[in-house]
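**Student:** I'm passing along query20.tsv; it holds TSV, C-alpha atoms.
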```tsv
chain	number	residue	atom	x	y	z
D	1	MET	CA	98.86	-0.42	191.41
D	2	THR	CA	95.98	-2.90	191.12
D	3	LEU	CA	96.95	-6.35	192.40
D	4	ILE	CA	95.27	-9.74	192.69
D	5	GLN	CA	95.60	-11.43	196.06
D	6	PRO	CA	95.45	-15.21	195.55
D	7	ASP	CA	92.62	-16.84	197.47
D	8	TRP	CA	94.35	-19.87	198.97
D	9	PRO	CA	94.94	-21.12	202.54
D	10	ALA	CA	98.68	-20.49	202.54
D	11	PRO	CA	100.52	-20.18	205.86
D	12	GLY	CA	100.53	-16.70	207.38
D	13	ASN	CA	104.14	-16.04	206.47
D	14	VAL	CA	103.57	-16.81	202.77
D	15	ASN	CA	102.70	-13.77	200.65
D	16	ALA	CA	101.63	-13.76	197.01
D	17	VAL	CA	100.35	-11.21	194.50
D	18	ILE	CA	99.65	-11.09	190.78
D	19	THR	CA	99.76	-7.80	188.94
D	20	THR	CA	97.21	-6.62	186.42
D	21	ARG	CA	97.80	-4.20	183.58
D	22	LEU	CA	96.54	-1.32	185.76
D	23	GLY	CA	98.56	1.13	187.80
D	24	GLY	CA	101.91	1.54	186.05
D	25	GLN	CA	103.44	4.06	183.66
D	26	SER	CA	103.94	2.04	180.46
D	27	ARG	CA	102.29	3.56	177.40
D	28	GLY	CA	100.69	2.57	174.11
D	29	ALA	CA	100.29	-1.16	173.49
D	30	TYR	CA	102.03	-1.80	176.85
D	31	GLY	CA	99.65	0.37	178.86
D	32	ASP	CA	100.09	0.60	181.58
D	33	ASN	CA	101.79	-1.78	183.99
D	34	ASN	CA	104.21	-3.92	181.97
D	35	PHE	CA	107.02	-5.74	183.80
D	36	ALA	CA	108.86	-7.31	180.85
D	37	LEU	CA	112.05	-5.84	179.42
D	38	HIS	CA	112.09	-8.09	176.33
D	39	VAL	CA	108.92	-6.84	174.61
D	40	GLU	CA	110.34	-3.50	173.32
D	41	ASP	CA	108.58	-1.37	175.91
D	42	ASP	CA	110.50	1.67	177.17
D	43	GLU	CA	113.10	0.33	179.62
D	44	ALA	CA	112.76	3.28	181.96
D	45	ASP	CA	109.01	2.70	182.24
D	46	VAL	CA	109.47	-1.00	182.96
D	47	ARG	CA	112.06	-0.35	185.64
D	48	ALA	CA	109.82	2.29	187.19
D	49	ASN	CA	106.94	-0.23	187.28
D	50	ARG	CA	109.21	-2.78	188.95
D	51	GLU	CA	110.45	-0.31	191.54
D	52	ARG	CA	106.91	0.86	192.31
D	53	LEU	CA	105.83	-2.74	192.85
D	54	ARG	CA	108.77	-3.43	195.14
D	55	GLN	CA	107.94	-0.39	197.23
D	56	GLN	CA	104.23	-1.20	197.37
D	57	LEU	CA	105.00	-4.73	198.60
D	58	ALA	CA	107.75	-3.50	200.97
D	59	LEU	CA	110.15	-6.14	199.65
D	60	THR	CA	113.57	-6.03	201.28
D	61	ALA	CA	115.33	-7.46	198.21
D	62	GLU	CA	114.98	-7.18	194.45
D	63	PRO	CA	112.65	-9.95	193.20
D	64	GLN	CA	114.26	-12.78	191.29
D	65	TRP	CA	113.52	-11.86	187.68
D	66	LEU	CA	113.91	-14.53	185.00
D	67	THR	CA	114.62	-14.81	181.30
D	68	GLN	CA	111.97	-17.39	180.41
D	69	VAL	CA	112.48	-19.78	177.49
D	70	HIS	CA	109.50	-22.19	177.69
D	71	GLY	CA	111.75	-24.85	179.18
D	72	THR	CA	111.85	-26.83	182.42
D	73	LYS	CA	114.72	-25.29	184.36
D	74	VAL	CA	113.91	-24.22	187.92
D	75	VAL	CA	116.60	-22.30	189.80
D	76	THR	CA	117.25	-21.11	193.32
D	77	ALA	CA	116.24	-17.46	193.73
D	78	ARG	CA	119.08	-15.25	194.94
D	79	ALA	CA	119.21	-11.68	196.21
D	80	ASP	CA	122.14	-10.69	193.99
D	81	GLY	CA	120.25	-8.73	191.34
D	82	ARG	CA	121.12	-11.19	188.57
D	83	VAL	CA	118.51	-12.20	186.00
D	84	ARG	CA	118.59	-15.97	185.55
D	85	THR	CA	117.53	-18.00	182.52
D	86	ALA	CA	114.86	-20.42	183.71
D	87	ASP	CA	111.11	-20.93	183.78
D	88	GLY	CA	110.79	-21.10	187.52
D	89	CYS	CA	112.53	-20.35	190.78
D	90	TYR	CA	112.21	-21.33	194.43
D	91	SER	CA	113.28	-19.80	197.71
D	92	ARG	CA	113.66	-20.38	201.43
D	93	THR	CA	114.87	-16.82	202.05
D	94	PRO	CA	112.42	-14.39	203.71
D	95	GLY	CA	111.86	-11.21	201.71
D	96	LEU	CA	113.06	-12.66	198.41
D	97	ALA	CA	110.21	-12.94	195.92
D	98	CYS	CA	110.09	-15.69	193.31
D	99	THR	CA	108.68	-14.08	190.17
D	100	VAL	CA	107.45	-15.12	186.73
D	101	LEU	CA	106.03	-13.08	183.85
D	102	THR	CA	103.04	-14.13	181.74
D	103	ALA	CA	100.55	-12.94	179.12
D	104	ASP	CA	98.47	-16.11	178.38
D	105	CYS	CA	100.84	-18.77	179.76
D	106	LEU	CA	99.99	-20.15	183.18
D	107	PRO	CA	101.73	-18.85	186.32
D	108	LEU	CA	101.77	-21.33	189.20
D	109	LEU	CA	102.62	-20.27	192.76
D	110	PHE	CA	103.72	-22.96	195.22
D	111	CYS	CA	104.25	-23.15	198.96
D	112	ASN	CA	104.53	-25.90	201.54
D	113	ARG	CA	102.21	-26.28	204.53
D	114	SER	CA	104.99	-25.43	206.98
D	115	GLY	CA	105.68	-22.11	205.27
D	116	THR	CA	109.40	-22.67	204.77
D	117	GLN	CA	109.62	-22.66	200.99
D	118	VAL	CA	107.93	-21.08	197.97
D	119	ALA	CA	108.24	-21.32	194.18
D	120	ALA	CA	106.92	-19.56	191.09
D	121	ILE	CA	106.60	-21.35	187.73
D	122	HIS	CA	105.94	-20.15	184.18
D	123	ALA	CA	104.04	-22.87	182.31
D	124	GLY	CA	103.13	-22.47	178.69
D	125	TRP	CA	101.97	-25.65	177.00
D	126	ARG	CA	105.51	-26.58	175.97
D	127	GLY	CA	106.98	-26.26	179.43
D	128	LEU	CA	104.00	-27.97	181.02
D	129	ALA	CA	104.26	-30.93	178.62
D	130	LYS	CA	108.05	-31.14	179.07
D	131	GLY	CA	107.80	-31.33	182.87
D	132	VAL	CA	108.44	-27.91	184.41
D	133	VAL	CA	105.84	-28.57	187.11
D	134	ARG	CA	107.54	-31.87	187.96
D	135	ARG	CA	110.82	-30.00	188.42
D	136	ALA	CA	109.11	-27.54	190.74
D	137	VAL	CA	107.59	-30.25	192.93
D	138	LYS	CA	110.99	-31.94	193.28
D	139	CYS	CA	112.48	-28.70	194.64
D	140	PHE	CA	110.47	-29.02	197.83
D	141	ASP	CA	111.68	-30.90	200.88
D	142	GLU	CA	108.14	-31.99	201.74
D	143	THR	CA	106.07	-34.59	199.92
D	144	PRO	CA	103.61	-33.44	197.21
D	145	GLU	CA	100.55	-33.90	199.43
D	146	ASN	CA	101.98	-31.19	201.70
D	147	LEU	CA	102.11	-28.58	198.94
D	148	LEU	CA	99.63	-25.88	197.99
D	149	VAL	CA	99.44	-24.46	194.46
D	150	TYR	CA	97.67	-21.39	193.10
D	151	LEU	CA	96.92	-21.20	189.37
D	152	GLY	CA	97.07	-17.59	188.19
D	153	PRO	CA	95.48	-15.86	185.18
D	154	ALA	CA	95.99	-17.68	181.88
D	155	LEU	CA	94.34	-18.29	178.52
D	156	SER	CA	91.01	-20.09	178.87
D	157	GLN	CA	90.08	-23.15	176.85
D	158	GLN	CA	87.66	-21.40	174.49
D	159	HIS	CA	90.48	-19.11	173.29
D	160	PHE	CA	93.25	-21.71	173.07
D	161	GLU	CA	92.89	-23.64	169.81
D	162	VAL	CA	95.96	-25.76	169.02
D	163	GLY	CA	97.15	-28.31	166.50
D	164	VAL	CA	97.28	-32.05	167.08
D	165	GLU	CA	100.94	-31.82	168.11
D	166	VAL	CA	99.91	-30.28	171.44
D	167	PRO	CA	97.76	-33.14	172.82
D	168	GLU	CA	100.29	-35.59	171.38
D	169	ALA	CA	103.06	-33.93	173.42
D	170	PHE	CA	101.02	-34.25	176.61
D	171	PHE	CA	100.11	-37.88	175.97
D	172	ARG	CA	103.80	-38.72	175.49
D	173	SER	CA	104.57	-37.23	178.91
D	174	ALA	CA	101.70	-38.90	180.80
D	175	LEU	CA	102.76	-40.53	184.06
D	176	ASP	CA	100.12	-43.27	184.07
D	177	ALA	CA	96.80	-44.31	182.55
D	178	LYS	CA	94.75	-42.09	184.85
D	179	HIS	CA	96.89	-39.12	183.90
D	180	SER	CA	96.28	-39.91	180.23
D	181	GLU	CA	92.53	-39.95	180.84
D	182	ARG	CA	92.69	-36.51	182.44
D	183	ILE	CA	94.79	-35.20	179.58
D	184	ALA	CA	92.20	-36.47	177.09
D	185	ALA	CA	89.45	-34.71	179.05
D	186	SER	CA	91.40	-31.45	178.80
D	187	PHE	CA	90.91	-31.22	175.03
D	188	THR	CA	87.76	-30.76	172.96
D	189	PRO	CA	87.44	-30.77	169.14
D	190	GLY	CA	88.47	-27.52	167.50
D	191	ALA	CA	86.89	-25.50	164.72
D	192	ARG	CA	89.34	-26.89	162.15
D	193	PRO	CA	90.35	-30.47	161.29
D	194	LEU	CA	93.05	-31.88	163.59
D	195	HIS	CA	92.73	-28.92	165.94
D	196	PHE	CA	91.60	-28.90	169.55
D	197	PHE	CA	90.71	-26.45	172.29
D	198	GLY	CA	93.13	-27.05	175.14
D	199	ASP	CA	92.45	-26.28	178.80
D	200	LEU	CA	95.72	-25.16	180.41
D	201	TYR	CA	94.17	-25.11	183.85
D	202	ALA	CA	92.89	-28.68	183.51
D	203	LEU	CA	96.22	-29.87	182.10
D	204	ALA	CA	98.07	-28.35	185.04
D	205	ARG	CA	95.65	-29.89	187.54
D	206	ALA	CA	96.02	-33.26	185.82
D	207	GLU	CA	99.80	-33.00	186.11
D	208	LEU	CA	99.67	-31.94	189.75
D	209	ASN	CA	97.21	-34.72	190.63
D	210	ALA	CA	99.45	-37.29	188.95
D	211	LEU	CA	102.37	-36.01	191.04
D	212	GLY	CA	100.40	-36.33	194.28
D	213	VAL	CA	99.50	-32.67	194.84
D	214	GLU	CA	95.99	-32.44	196.25
D	215	GLU	CA	95.45	-28.77	197.12
D	216	MET	CA	95.03	-26.53	194.07
D	217	TYR	CA	93.34	-23.16	193.92
D	218	GLY	CA	92.62	-20.42	191.37
D	219	GLY	CA	92.29	-21.08	187.66
D	220	THR	CA	89.23	-18.90	187.12
D	221	TYR	CA	90.51	-15.99	185.00
D	222	CYS	CA	90.94	-15.64	181.23
D	223	THR	CA	93.67	-13.31	179.99
D	224	TYR	CA	92.19	-13.17	176.47
D	225	ALA	CA	88.62	-12.37	177.53
D	226	GLU	CA	89.51	-9.68	180.09
D	227	PRO	CA	91.47	-7.00	178.17
D	228	GLU	CA	90.69	-4.38	180.81
D	229	HIS	CA	92.68	-6.37	183.38
D	230	PHE	CA	95.19	-8.58	181.59
D	231	TYR	CA	97.72	-8.64	178.79
D	232	SER	CA	97.20	-11.36	176.18
D	233	TYR	CA	99.78	-12.20	173.54
D	234	ARG	CA	97.30	-14.28	171.56
D	235	ARG	CA	94.79	-11.45	171.51
D	236	ASP	CA	97.10	-8.49	170.90
D	237	GLY	CA	100.50	-9.72	169.66
D	238	VAL	CA	102.43	-6.66	170.83
D	239	THR	CA	101.70	-6.45	174.52
D	240	GLY	CA	103.14	-6.40	178.04
D	241	ARG	CA	103.47	-9.02	180.75
D	242	MET	CA	101.96	-9.43	184.23
D	243	ALA	CA	104.11	-10.48	187.18
D	244	SER	CA	103.23	-13.25	189.64
D	245	LEU	CA	105.19	-13.20	192.90
D	246	VAL	CA	105.37	-15.36	196.01
D	247	TRP	CA	107.65	-14.86	199.00
D	248	LEU	CA	108.20	-15.60	202.66
D	249	THR	CA	108.21	-13.19	205.57
D	250	SER	CA	110.11	-13.76	208.78
```
Show this structure as structure tokens.
**Tutor:**
Amino acid sequence: MTLIQPDWPAPGNVNAVITTRLGGQSRGAYGDNNFALHVEDDEADVRANRERLRQQLALTAEPQWLTQVHGTKVVTARADGRVRTADGCYSRTPGLACTVLTADCLPLLFCNRSGTQVAAIHAGWRGLAKGVVRRAVKCFDETPENLLVYLGPALSQQHFEVGVEVPEAFFRSALDAKHSERIAASFTPGARPLHFFGDLYALARAELNALGVEEMYGGTYCTYAEPEHFYSYRRDGVTGRMASLVWLTS
């Protein structure tokens, strides 16, 4: 299974990986390493992909899988096998991986400098504008300047044209004038009237900066432009999902 290892200066006991579409047994439009059960892929193939990943990572517990709804709920990950409805989870338990699924939306992986807590967040534009990242930051015991965040593969700006309602939603949620300026800089005029190209990576960095987070890494991939590596809902419609995981070791 082909995995991305985030390039960030996380503590030695913090582990993180992001899957690609390579190395699983899903077939057809889901080929070949889909981790989502809700996209009409064969359930047996998805579960086999999940089990193969768990074995490859030597995880001692089943990852915390989520039913994501483009909201702001962030839950405590638990090793009870239950799938929870939320768009993020956090953990202080070694061996328990916080996990989110994406195929254009932005996965964010969090840890603190002391290596005692991690979190994984699914941030489409709706969740990002509504405050899912703010919820994640509040889950940590340490102050924002003591957090590290990795921005995983997402849709790049040149492939993310949106209507005027999207920048308007972000401006309504701005924390201060400086945040508003950074939001404005994250949009460029689109090809159609009242449309804009939005930069999810820049919007996430603007949000994190406004919250006091200083250390951010990643944000260099494009799911749409790299079909050999990534699923993209905007590109393909019927497609699979990558998994982004972060966990602690003892």
**Student:** Rounded to one decimal place, report the CA of Val166 in chain D-CA of Gly198 in chain D distance in Å.
**Tutor:** 8.4 Å
**Student:** Quick one: residues within 10 Å of Pro9 in chain D, all atoms listed in the file counted, chain neighbours fewer than 5 positions away excluded, as a PyMOL selection string?
**Tutor:** chain D and resi 14+113+148-150+215+217
**Student:** Quick check, in Å to one decimal: how far apart do CA of His179 in chain D and CA of Asp7 in chain D lie?
**Tutor:**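 Value for the CA of His179 in chain D-CA of Asp7 in chain D distance: 26.4 Å.
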**Student:** Do you have the CA of Leu175 in chain D-CA of Thr188 in chain D distance handy?
**Tutor:**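 About the pair CA of Leu175 in chain D and CA of Thr188 in chain D: they are 21.1 Å apart.
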**Student:** Residues at most 9 Å from range 80-94 of chain D, counting all atoms listed in the file, excluding those fewer than 3 positions away in the same chain, as a PyMOL selection string?
**Tutor:** chain D and resi 13+60-77+97-100+110+116-123+127+132-133+135-136+139-140+247-250
**Student:** Once you have the residues from the selection above, write them out as a CSV table (one decimal), keeping the file's coordinate frame, restricted to C-alpha atoms.
**Tutor:**
```
chain,number,residue,atom,x,y,z
D,13,ASN,CA,104.1,-16.0,206.5
D,60,THR,CA,113.6,-6.0,201.3
D,61,ALA,CA,115.3,-7.5,198.2
D,62,GLU,CA,115.0,-7.2,194.4
D,63,PRO,CA,112.6,-10.0,193.2
D,64,GLN,CA,114.3,-12.8,191.3
D,65,TRP,CA,113.5,-11.9,187.7
D,66,LEU,CA,113.9,-14.5,185.0
D,67,THR,CA,114.6,-14.8,181.3
D,68,GLN,CA,112.0,-17.4,180.4
D,69,VAL,CA,112.5,-19.8,177.5
D,70,HIS,CA,109.5,-22.2,177.7
D,71,GLY,CA,111.8,-24.8,179.2
D,72,THR,CA,111.8,-26.8,182.4
D,73,LYS,CA,114.7,-25.3,184.4
D,74,VAL,CA,113.9,-24.2,187.9
D,75,VAL,CA,116.6,-22.3,189.8
D,76,THR,CA,117.2,-21.1,193.3
D,77,ALA,CA,116.2,-17.5,193.7
D,97,ALA,CA,110.2,-12.9,195.9
D,98,CYS,CA,110.1,-15.7,193.3
D,99,THR,CA,108.7,-14.1,190.2
D,100,VAL,CA,107.4,-15.1,186.7
D,110,PHE,CA,103.7,-23.0,195.2
D,116,THR,CA,109.4,-22.7,204.8
D,117,GLN,CA,109.6,-22.7,201.0
D,118,VAL,CA,107.9,-21.1,198.0
D,119,ALA,CA,108.2,-21.3,194.2
D,120,ALA,CA,106.9,-19.6,191.1
D,121,ILE,CA,106.6,-21.4,187.7
D,122,HIS,CA,105.9,-20.2,184.2
D,123,ALA,CA,104.0,-22.9,182.3
D,127,GLY,CA,107.0,-26.3,179.4
D,132,VAL,CA,108.4,-27.9,184.4
D,133,VAL,CA,105.8,-28.6,187.1
D,135,ARG,CA,110.8,-30.0,188.4
D,136,ALA,CA,109.1,-27.5,190.7
D,139,CYS,CA,112.5,-28.7,194.6
D,140,PHE,CA,110.5,-29.0,197.8
D,247,TRP,CA,107.6,-14.9,199.0
D,248,LEU,CA,108.2,-15.6,202.7
D,249,THR,CA,108.2,-13.2,205.6
D,250,SER,CA,110.1,-13.8,208.8
```
**Student:** Using all atoms listed in the file and a cutoff of 7 Å, can you tell me which residues are near (96.3, -20.3, 187.0) in the file's coordinates, and write them out as an NGL selection string?
**Tutor:** :D and (106-108 or 150-154 or 201 or 218-219)
**Student:** The residues within 7 Å of (99.5, -8.7, 178.0), using only C-alpha atoms and the coordinates of the file, should be reported as a ChimeraX atom specification; which are they?
**Tutor:** /D:103,230-233,239-242
**Student:** Which residue out of D:Glu43, D:Glu226, D:Asp32, D:Glu214 has the minimum interatomic distance to Thr143 in chain D when only C-alpha atoms are used?
**Tutor:**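 The shortest atom-to-atom distance to Thr143 in chain D comes from D:Glu214.
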**Student:** Name the closest residue to Ser173 in chain D among the candidates D:Arg21, D:Arg47, D:Arg134, D:Arg234; distances are taken between atoms, counting only C-alpha atoms.
**Tutor:**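 The shortest atom-to-atom distance to Ser173 in chain D comes from D:Arg134.
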**Student:** Which residues are close to Arg235 in chain D, i.e. within 10 Å by only C-alpha atoms, leaving aside same-chain residues fewer than 4 positions away? Reply as a PyMOL selection string.
**Tutor:** chain D and resi 103-104+155+159+223-225+227+231+239
**Student:** Write the residues of the preceding selection, restricted to C-alpha atoms, as a compact mmCIF listing (two decimals), in the frame of the given file.
**Tutor:**
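Okay, again-v7.txt is ready:
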```txt
# COMPACT_ATOMS: atom_id res chain seq x y z
CA ALA D 103 100.55 -12.94 179.12
CA ASP D 104 98.47 -16.11 178.38
CA LEU D 155 94.34 -18.29 178.52
CA HIS D 159 90.48 -19.11 173.29
CA THR D 223 93.67 -13.31 179.99
CA TYR D 224 92.19 -13.17 176.47
CA ALA D 225 88.62 -12.37 177.53
CA PRO D 227 91.47 -7.00 178.17
CA TYR D 231 97.72 -8.64 178.79
CA THR D 239 101.70 -6.45 174.52
```
**Student:** Using only C-alpha atoms, which of the listed residues (D:Leu22, D:Met216, D:Ala243, D:Val238) sits closest to Glu40 in chain D?
**Tutor:**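 The answer is D:Val238, which sits nearest to Glu40 in chain D.
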**Student:** Which residue is closest to Pro167 in chain D? Choose from D:Arg27, D:Arg126, D:Arg205, D:His38 and count all atoms listed in the file.
**Tutor:**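 Between D:Arg27, D:Arg126, D:Arg205, D:His38, the residue approaching Pro167 in chain D most closely is D:Arg126.
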**Student:** Could you get me a file of range 188-203 of chain D with N, CA and C atoms, as a compact mmCIF listing (two decimals), in the first residue's frame, taken from the block above?
**Tutor:**
```
# COMPACT_ATOMS: atom_id res chain seq x y z
N THR D 188 -9.71 34.48 -6.04
CA THR D 188 -9.43 35.25 -7.25
C THR D 188 -10.65 35.16 -8.16
N PRO D 189 -10.84 36.12 -9.07
CA PRO D 189 -12.02 36.10 -9.94
C PRO D 189 -12.12 34.81 -10.76
N GLY D 190 -13.33 34.30 -10.87
CA GLY D 190 -13.56 33.08 -11.62
C GLY D 190 -13.80 33.33 -13.09
N ALA D 191 -14.09 32.25 -13.82
CA ALA D 191 -14.32 32.35 -15.25
C ALA D 191 -15.71 32.85 -15.57
N ARG D 192 -16.62 32.80 -14.59
CA ARG D 192 -18.00 33.23 -14.79
C ARG D 192 -18.32 34.39 -13.85
N PRO D 193 -19.32 35.20 -14.18
CA PRO D 193 -19.70 36.30 -13.28
C PRO D 193 -20.08 35.78 -11.90
N LEU D 194 -19.68 36.50 -10.86
CA LEU D 194 -19.98 36.16 -9.48
C LEU D 194 -19.46 34.78 -9.08
N HIS D 195 -18.38 34.37 -9.70
CA HIS D 195 -17.71 33.13 -9.33
C HIS D 195 -16.24 33.43 -9.02
N PHE D 196 -15.67 32.60 -8.17
CA PHE D 196 -14.31 32.81 -7.71
C PHE D 196 -13.58 31.48 -7.61
N PHE D 197 -12.25 31.54 -7.75
CA PHE D 197 -11.43 30.38 -7.47
C PHE D 197 -10.96 30.48 -6.02
N GLY D 198 -11.35 29.48 -5.22
CA GLY D 198 -11.03 29.50 -3.80
C GLY D 198 -9.83 28.61 -3.47
N ASP D 199 -8.99 29.08 -2.59
CA ASP D 199 -7.80 28.34 -2.17
C ASP D 199 -8.06 27.75 -0.78
N LEU D 200 -8.41 26.47 -0.73
CA LEU D 200 -8.69 25.82 0.56
C LEU D 200 -7.50 25.86 1.49
N TYR D 201 -6.32 25.64 0.93
CA TYR D 201 -5.12 25.67 1.77
C TYR D 201 -4.93 27.05 2.40
N ALA D 202 -5.08 28.10 1.60
CA ALA D 202 -4.90 29.46 2.13
C ALA D 202 -5.98 29.81 3.14
N LEU D 203 -7.21 29.36 2.90
CA LEU D 203 -8.30 29.62 3.84
C LEU D 203 -8.05 28.92 5.17
```
